[in-house]
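Novice: Have a peek at model_33.txt (compact mmCIF, C-alpha atoms).
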# COMPACT_ATOMS: atom_id res chain seq x y z
CA MET A 1 61.06 63.52 -88.19
CA ALA A 2 59.18 62.95 -84.96
CA VAL A 3 60.51 61.70 -81.65
CA GLU A 4 58.14 59.17 -80.17
CA ILE A 5 57.73 58.82 -76.41
CA GLU A 6 55.45 56.01 -75.35
CA ARG A 7 54.70 53.66 -72.48
CA LYS A 8 53.33 50.16 -72.90
CA PHE A 9 51.31 47.95 -70.53
CA LEU A 10 49.64 44.56 -70.41
CA VAL A 11 45.81 44.74 -70.32
CA GLU A 12 43.72 42.81 -67.81
CA GLY A 13 40.06 42.03 -68.54
CA ASP A 14 37.57 43.72 -70.84
CA ALA A 15 36.45 46.79 -68.86
CA TRP A 16 38.13 49.08 -71.43
CA ARG A 17 35.72 47.92 -74.15
CA ASP A 18 32.92 50.19 -72.86
CA SER A 19 35.05 53.27 -73.56
CA VAL A 20 36.22 52.48 -77.10
CA THR A 21 35.72 55.42 -79.49
CA ALA A 22 37.16 53.90 -82.66
CA SER A 23 38.62 50.60 -83.90
CA ARG A 24 40.68 49.65 -86.87
CA ARG A 25 42.40 46.59 -88.19
CA ILE A 26 46.16 46.81 -88.55
CA ARG A 27 48.31 44.40 -90.56
CA GLN A 28 52.01 45.09 -90.39
CA ALA A 29 55.36 43.50 -91.03
CA TYR A 30 59.02 44.45 -91.02
CA LEU A 31 61.16 44.77 -94.13
CA SER A 32 64.09 45.01 -91.76
CA ASN A 33 64.76 44.81 -88.07
CA GLY A 34 68.53 44.48 -88.10
CA GLY A 35 70.97 47.39 -87.90
CA ALA A 36 70.23 50.73 -86.29
CA ALA A 37 66.71 51.11 -87.72
CA SER A 38 63.60 49.05 -88.23
CA VAL A 39 61.54 49.50 -91.41
CA ARG A 40 57.86 48.67 -91.09
CA ILE A 41 55.02 48.49 -93.58
CA ARG A 42 51.52 48.89 -92.12
CA VAL A 43 48.11 48.49 -93.76
CA ILE A 44 45.18 50.06 -91.87
CA ASP A 45 41.65 48.77 -92.56
CA GLU A 46 42.86 47.64 -96.03
CA GLU A 47 42.58 51.34 -96.98
CA LYS A 48 45.57 53.34 -95.82
CA SER A 49 49.21 52.34 -95.80
CA VAL A 50 52.26 53.73 -94.05
CA LEU A 51 55.98 53.03 -94.36
CA THR A 52 57.82 53.79 -91.12
CA VAL A 53 61.53 53.97 -90.31
CA LYS A 54 62.34 53.94 -86.59
CA SER A 55 65.68 54.12 -84.89
CA LYS A 56 66.17 51.10 -82.66
CA GLY A 57 65.26 51.62 -79.01
CA LYS A 58 67.52 50.16 -76.38
CA SER A 59 66.06 48.33 -73.40
CA GLY A 60 65.10 50.37 -70.37
CA GLU A 61 64.58 54.11 -70.32
CA ALA A 62 66.01 54.77 -73.80
CA ALA A 63 63.12 52.77 -75.27
CA LEU A 64 60.77 55.64 -74.41
CA SER A 65 62.24 57.94 -77.03
CA ARG A 66 63.06 57.11 -80.65
CA ALA A 67 63.43 58.89 -83.96
CA GLU A 68 60.56 58.00 -86.28
CA PHE A 69 59.94 58.78 -89.95
CA GLU A 70 56.51 58.04 -91.45
CA TYR A 71 55.41 58.15 -95.08
CA SER A 72 52.04 57.36 -96.67
CA VAL A 73 52.38 54.93 -99.55
CA PRO A 74 49.90 53.51 -102.09
CA LEU A 75 47.94 50.49 -100.83
CA GLU A 76 49.07 48.31 -103.73
CA ASP A 77 52.72 49.08 -102.91
CA ALA A 78 52.12 48.19 -99.28
CA VAL A 79 50.46 44.87 -100.08
CA ALA A 80 53.37 43.96 -102.37
CA MET A 81 55.89 45.03 -99.71
CA LEU A 82 54.24 42.76 -97.10
CA ASP A 83 55.55 39.90 -99.27
CA LEU A 84 59.11 41.20 -98.86
CA ARG A 85 58.88 40.96 -95.07
CA THR A 86 61.26 39.37 -92.65
CA GLY A 87 59.36 37.38 -89.99
CA ARG A 88 55.59 37.22 -89.79
CA ILE A 89 52.69 39.59 -90.45
CA ILE A 90 51.21 40.94 -87.23
CA ASP A 91 47.43 41.15 -87.43
CA LYS A 92 45.63 43.08 -84.70
CA MET A 93 42.61 45.21 -83.93
CA ARG A 94 43.55 48.58 -82.47
CA HIS A 95 40.92 50.19 -80.23
CA LEU A 96 41.16 53.82 -79.09
CA VAL A 97 40.19 54.63 -75.50
CA PRO A 98 40.32 58.22 -74.19
CA ALA A 99 42.87 58.82 -71.39
CA GLY A 100 43.35 61.85 -69.13
CA ASN A 101 45.12 65.04 -70.35
CA GLY A 102 43.71 64.64 -73.84
CA ARG A 103 45.81 61.52 -74.38
CA THR A 104 44.59 58.26 -75.91
CA TRP A 105 45.14 54.63 -74.97
CA GLU A 106 45.74 52.41 -77.97
CA VAL A 107 44.54 48.93 -76.97
CA ASP A 108 45.88 46.27 -79.37
CA VAL A 109 44.10 42.91 -79.47
CA PHE A 110 46.30 40.46 -81.35
CA ALA A 111 45.07 37.72 -83.69
CA GLY A 112 46.88 34.76 -85.22
CA ALA A 113 50.15 33.68 -83.60
CA HIS A 114 49.64 36.09 -80.66
CA GLU A 115 45.95 35.35 -80.05
CA GLY A 116 45.14 36.21 -76.43
CA LEU A 117 47.72 38.99 -76.11
CA VAL A 118 46.30 42.46 -75.36
CA LEU A 119 48.63 45.47 -75.00
CA ALA A 120 47.90 49.13 -74.26
CA GLU A 121 50.16 51.99 -75.35
CA ILE A 122 50.03 55.68 -74.56
CA GLU A 123 52.02 58.35 -76.37
CA LEU A 124 53.36 61.20 -74.23
CA GLU A 125 55.01 64.59 -74.67
CA ALA A 126 57.69 63.90 -72.08
CA ALA A 127 59.03 60.73 -70.51
CA ASP A 128 58.07 61.95 -67.02
CA GLU A 129 54.54 63.14 -67.89
CA PRO A 130 52.09 61.84 -65.24
CA VAL A 131 49.68 59.18 -66.53
CA GLU A 132 46.36 58.25 -64.94
CA ILE A 133 46.29 54.43 -64.81
CA PRO A 134 42.82 52.84 -65.27
CA SER A 135 41.92 49.63 -63.39
CA TRP A 136 42.22 47.48 -66.52
CA ILE A 137 45.89 48.42 -67.01
CA GLY A 138 48.25 45.69 -65.78
CA ARG A 139 52.01 45.39 -65.58
CA GLU A 140 54.14 47.96 -67.41
CA VAL A 141 56.26 46.43 -70.19
CA THR A 142 57.84 49.60 -71.66
CA GLY A 143 61.25 48.63 -72.97
CA ASP A 144 60.67 44.90 -72.41
CA PRO A 145 61.98 43.47 -75.69
CA ARG A 146 59.53 40.54 -75.58
CA TYR A 147 56.61 42.90 -76.14
CA GLY A 148 58.25 45.05 -78.79
CA ASN A 149 56.61 45.07 -82.22
CA VAL A 150 59.83 43.83 -83.78
CA ALA A 151 59.96 40.83 -81.40
CA LEU A 152 56.30 40.01 -81.96
CA ALA A 153 56.95 39.95 -85.72
CA GLN A 154 59.72 37.39 -85.36
CA GLU A 155 58.91 33.78 -86.19
CA GLY A 156 58.95 31.18 -83.44
CA MET B 1 55.56 49.79 -108.02
CA ALA B 2 57.98 49.64 -110.90
CA VAL B 3 59.91 46.66 -112.18
CA GLU B 4 63.48 47.64 -112.92
CA ILE B 5 65.42 45.99 -115.73
CA GLU B 6 69.02 47.09 -115.98
CA ARG B 7 72.43 46.00 -117.20
CA LYS B 8 75.70 47.03 -115.61
CA PHE B 9 79.23 47.28 -117.05
CA LEU B 10 82.73 48.31 -116.05
CA VAL B 11 83.93 51.51 -117.77
CA GLU B 12 87.32 51.80 -119.50
CA GLY B 13 88.93 55.17 -120.01
CA ASP B 14 87.44 58.65 -120.19
CA ALA B 15 86.00 58.86 -123.74
CA TRP B 16 82.45 59.00 -122.33
CA ARG B 17 83.17 62.36 -120.67
CA ASP B 18 82.73 64.26 -123.95
CA SER B 19 79.10 63.14 -124.16
CA VAL B 20 77.94 63.92 -120.61
CA THR B 21 74.67 65.88 -120.57
CA ALA B 22 74.19 66.17 -116.80
CA SER B 23 75.97 65.29 -113.58
CA ARG B 24 74.87 65.01 -110.00
CA ARG B 25 76.34 63.97 -106.70
CA ILE B 26 74.70 60.98 -105.03
CA ARG B 27 75.20 60.00 -101.41
CA GLN B 28 73.41 56.85 -100.40
CA ALA B 29 73.33 54.20 -97.71
CA TYR B 30 71.26 51.19 -96.74
CA LEU B 31 68.99 51.04 -93.70
CA SER B 32 68.74 47.35 -94.41
CA ASN B 33 70.19 44.82 -96.80
CA GLY B 34 69.13 41.60 -95.08
CA GLY B 35 65.92 39.70 -95.74
CA ALA B 36 64.00 39.82 -99.01
CA ALA B 37 64.30 43.58 -99.56
CA SER B 38 66.91 46.29 -99.36
CA VAL B 39 65.95 49.73 -98.05
CA ARG B 40 68.05 52.61 -99.35
CA ILE B 41 68.18 56.30 -98.57
CA ARG B 42 69.64 58.53 -101.28
CA VAL B 43 70.50 62.24 -101.23
CA ILE B 44 70.95 63.87 -104.65
CA ASP B 45 72.99 67.10 -104.89
CA GLU B 46 72.11 67.78 -101.21
CA GLU B 47 68.70 68.88 -102.53
CA LYS B 48 66.43 65.93 -103.25
CA SER B 49 66.03 62.73 -101.26
CA VAL B 50 64.51 59.37 -102.07
CA LEU B 51 63.69 56.33 -99.95
CA THR B 52 63.73 53.13 -102.03
CA VAL B 53 62.61 49.59 -101.23
CA LYS B 54 63.87 46.95 -103.69
CA SER B 55 63.26 43.26 -103.69
CA LYS B 56 66.56 41.38 -103.58
CA GLY B 57 67.91 40.30 -106.94
CA LYS B 58 69.41 36.86 -107.23
CA SER B 59 72.65 36.36 -109.09
CA GLY B 60 72.49 35.71 -112.82
CA GLU B 61 69.52 36.47 -115.02
CA ALA B 62 67.04 37.15 -112.21
CA ALA B 63 69.11 40.19 -111.24
CA LEU B 64 67.85 41.99 -114.34
CA SER B 65 64.34 42.38 -112.98
CA ARG B 66 63.34 43.51 -109.49
CA ALA B 67 60.37 45.10 -107.78
CA GLU B 68 61.18 48.67 -106.75
CA PHE B 69 59.23 51.20 -104.66
CA GLU B 70 60.44 54.82 -104.54
CA TYR B 71 59.25 57.66 -102.32
CA SER B 72 60.44 61.28 -102.08
CA VAL B 73 61.22 62.27 -98.51
CA PRO B 74 62.25 65.56 -96.87
CA LEU B 75 66.00 66.27 -97.04
CA GLU B 76 66.28 66.64 -93.26
CA ASP B 77 64.70 63.19 -92.78
CA ALA B 78 67.13 61.71 -95.29
CA VAL B 79 70.19 63.22 -93.64
CA ALA B 80 69.03 61.87 -90.25
CA MET B 81 68.33 58.45 -91.79
CA LEU B 82 71.88 58.25 -93.23
CA ASP B 83 72.97 58.02 -89.57
CA LEU B 84 70.80 54.91 -89.13
CA ARG B 85 72.62 53.10 -91.94
CA THR B 86 74.13 49.67 -91.95
CA GLY B 87 77.54 49.68 -93.68
CA ARG B 88 79.06 52.77 -95.27
CA ILE B 89 77.80 55.78 -97.19
CA ILE B 90 78.47 55.48 -100.91
CA ASP B 91 79.50 58.79 -102.41
CA LYS B 92 79.60 59.06 -106.19
CA MET B 93 79.16 61.42 -109.12
CA ARG B 94 76.56 60.17 -111.60
CA HIS B 95 77.00 61.37 -115.17
CA LEU B 96 74.30 60.92 -117.83
CA VAL B 97 75.40 59.92 -121.33
CA PRO B 98 72.85 59.46 -124.15
CA ALA B 99 72.58 55.90 -125.50
CA GLY B 100 70.75 54.60 -128.59
CA ASN B 101 66.95 54.03 -128.63
CA GLY B 102 66.36 57.04 -126.38
CA ARG B 103 68.08 55.25 -123.49
CA THR B 104 70.65 56.76 -121.13
CA TRP B 105 73.91 55.46 -119.73
CA GLU B 106 74.38 56.32 -116.07
CA VAL B 107 78.13 56.47 -115.49
CA ASP B 108 78.97 56.35 -111.76
CA VAL B 109 82.39 57.59 -110.65
CA PHE B 110 82.95 56.50 -107.07
CA ALA B 111 84.74 58.50 -104.37
CA GLY B 112 86.00 57.50 -100.94
CA ALA B 113 86.46 53.79 -100.27
CA HIS B 114 85.77 52.90 -103.93
CA GLU B 115 87.92 55.64 -105.52
CA GLY B 116 88.92 54.48 -109.00
CA LEU B 117 85.80 52.39 -109.65
CA VAL B 118 83.66 53.54 -112.60
CA LEU B 119 80.47 51.66 -113.50
CA ALA B 120 77.90 52.24 -116.26
CA GLU B 121 74.26 51.17 -116.03
CA ILE B 122 71.50 51.21 -118.59
CA GLU B 123 67.82 50.74 -117.82
CA LEU B 124 65.80 48.75 -120.38
CA GLU B 125 62.18 47.91 -121.14
CA ALA B 126 62.87 44.23 -121.64
CA ALA B 127 65.72 41.95 -120.63
CA ASP B 128 66.41 41.05 -124.26
CA GLU B 129 66.30 44.61 -125.65
CA PRO B 130 69.32 45.15 -127.94
CA VAL B 131 71.88 47.62 -126.57
CA GLU B 132 74.48 49.52 -128.63
CA ILE B 133 77.78 49.14 -126.75
CA PRO B 134 80.14 52.16 -126.99
CA SER B 135 83.91 51.62 -127.09
CA TRP B 136 84.38 52.82 -123.49
CA ILE B 137 82.14 50.06 -122.13
CA GLY B 138 84.12 47.16 -120.67
CA ARG B 139 83.16 43.84 -119.14
CA GLU B 140 79.50 43.26 -118.24
CA VAL B 141 78.94 42.78 -114.49
CA THR B 142 75.13 42.51 -114.42
CA GLY B 143 74.23 40.23 -111.54
CA ASP B 144 77.82 40.07 -110.24
CA PRO B 145 77.27 40.55 -106.50
CA ARG B 146 80.65 42.29 -106.05
CA TYR B 147 79.42 45.26 -108.06
CA GLY B 148 75.96 45.48 -106.53
CA ASN B 149 75.13 48.66 -104.63
CA VAL B 150 74.44 46.64 -101.50
CA ALA B 151 77.89 44.99 -101.67
CA LEU B 152 79.64 48.32 -102.31
CA ALA B 153 77.93 49.73 -99.20
CA GLN B 154 79.31 46.96 -97.00
CA GLU B 155 82.30 47.74 -94.82
CA GLY B 156 85.61 46.01 -95.52
What do you get writing this file as structure tokens?

Specialist:
Amino acid sequence: MAVEIERKFLVEGDAWRDSVTASRRIRQAYLSNGGAASVRIRVIDEEKSVLTVKSKGKSGEAALSRAEFEYSVPLEDAVAMLDLRTGRIIDKMRHLVPAGNGRTWEVDVFAGAHEGLVLAEIELEAADEPVEIPSWIGREVTGDPRYGNVALAQEG
Amino acid sequence: MAVEIERKFLVEGDAWRDSVTASRRIRQAYLSNGGAASVRIRVIDEEKSVLTVKSKGKSGEAALSRAEFEYSVPLEDAVAMLDLRTGRIIDKMRHLVPAGNGRTWEVDVFAGAHEGLVLAEIELEAADEPVEIPSWIGREVTGDPRYGNVALAQEG
């Protein structure tokens, strides 16, 4: 079990693209988002697949820290499980951009239903760890349920 | 991925107890039972733990055959995930009883909220495989939603 602490921001403009060190395509969907946990299946570059159980974050500060359980699963299982989803498949390119303190920005460029949306996330050791904010980082949306992965996977 | 074909029956009396070859305690709960899949966490004899994703069976004949994905997970993860359940923890002793054709009856004796309920399941290769029915096997409840694991895990 890991406890995940992360902050999430809107991205403004393309200046971050010059600093990208790696990119991968992520397709993911939820088998469940009701109850106390969400269950997500994720396929990375059509190669690697991960099943993740996360305790539900509450809005506000509590959203920074959640229990998370991750398991690698066979690709063929994952592709079959995508068909058992609730809501839609999220399809995005994830670009890694180095941050200060050895941290990494994950810049997600959404395709399909969320075309045009670009979000940046940074994972931290502690909720109050200082973060250097580049010029292309816009408004913070940590804990805003509209930008949660579960919400983005909901239809309509 | 495995496709599971099984039949389920009520059990009458204790005659099966003479033929038990192994017994184990199972504690299990659902992280999700909405949508197209159920997600179950199971702890066996407080030693081994399994996370299972099953496509939802429909009532009647379709209930015989479901997609099932099973993954071993660390015991400490499983115990933490039981706290993220929806509904109640099912606590039962599972006893194995040899059946014909190299098959095995799984006789589940429920504790707690379902004290007094005893169910027998047999897993088959094909839905129409003949099954020898011992005298202690009662009414068939395959596909009866009241005796499904998901229903038994619901509160109230």

Novice: Could you please select, counting all atoms listed in the file, the residues of chain B within 8 Å of chain A and state them as a ChimeraX atom specification?

Specialist: /B:1,31-39,55,69,71,73,76-77,84-86

Novice: May I have the residues at most 8 Å from (75.0, 51.0, -117.9) in the file's coordinates, counting all atoms listed in the file, as a list of chain:residue names?

Specialist: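 All residues meeting the 8 Å criterion around (75.0, 51.0, -117.9) are B:Glu6, B:Arg7, B:Lys8, B:Phe9, B:Thr104, B:Trp105, B:Glu106, B:Val107, B:Leu119, B:Ala120, B:Glu121, B:Ile122, B:Glu123.
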
Novice: Between B:Arg66, B:Arg27, B:His114, B:Arg103, which has the minimum distance to Val79 of chain B (counting only C-alpha atoms)?

Specialist: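 Ranking B:Arg66, B:Arg27, B:His114, B:Arg103 by distance to Val79 of chain B, first place goes to B:Arg27.
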
Novice: So which one's closest to Leu152 of chain B, B:Leu117, B:Leu96, B:Leu75, B:Ile41? Using all atoms listed in the file, please.

Specialist: B:Leu117

Novice: Please, what distance in Å, to one decimal, runs between atom CA of Leu124 of chain B and atom CA of Arg139 of chain B?

Specialist: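 Atom-to-atom, atom CA of Leu124 of chain B to atom CA of Arg139 of chain B, that is 18.1 Å.
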
Novice: Interatomic distance between atom CA of Arg17 of chain A and atom CA of Ala99 of chain A?

Specialist: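 A separation of 13.3 Å between them.
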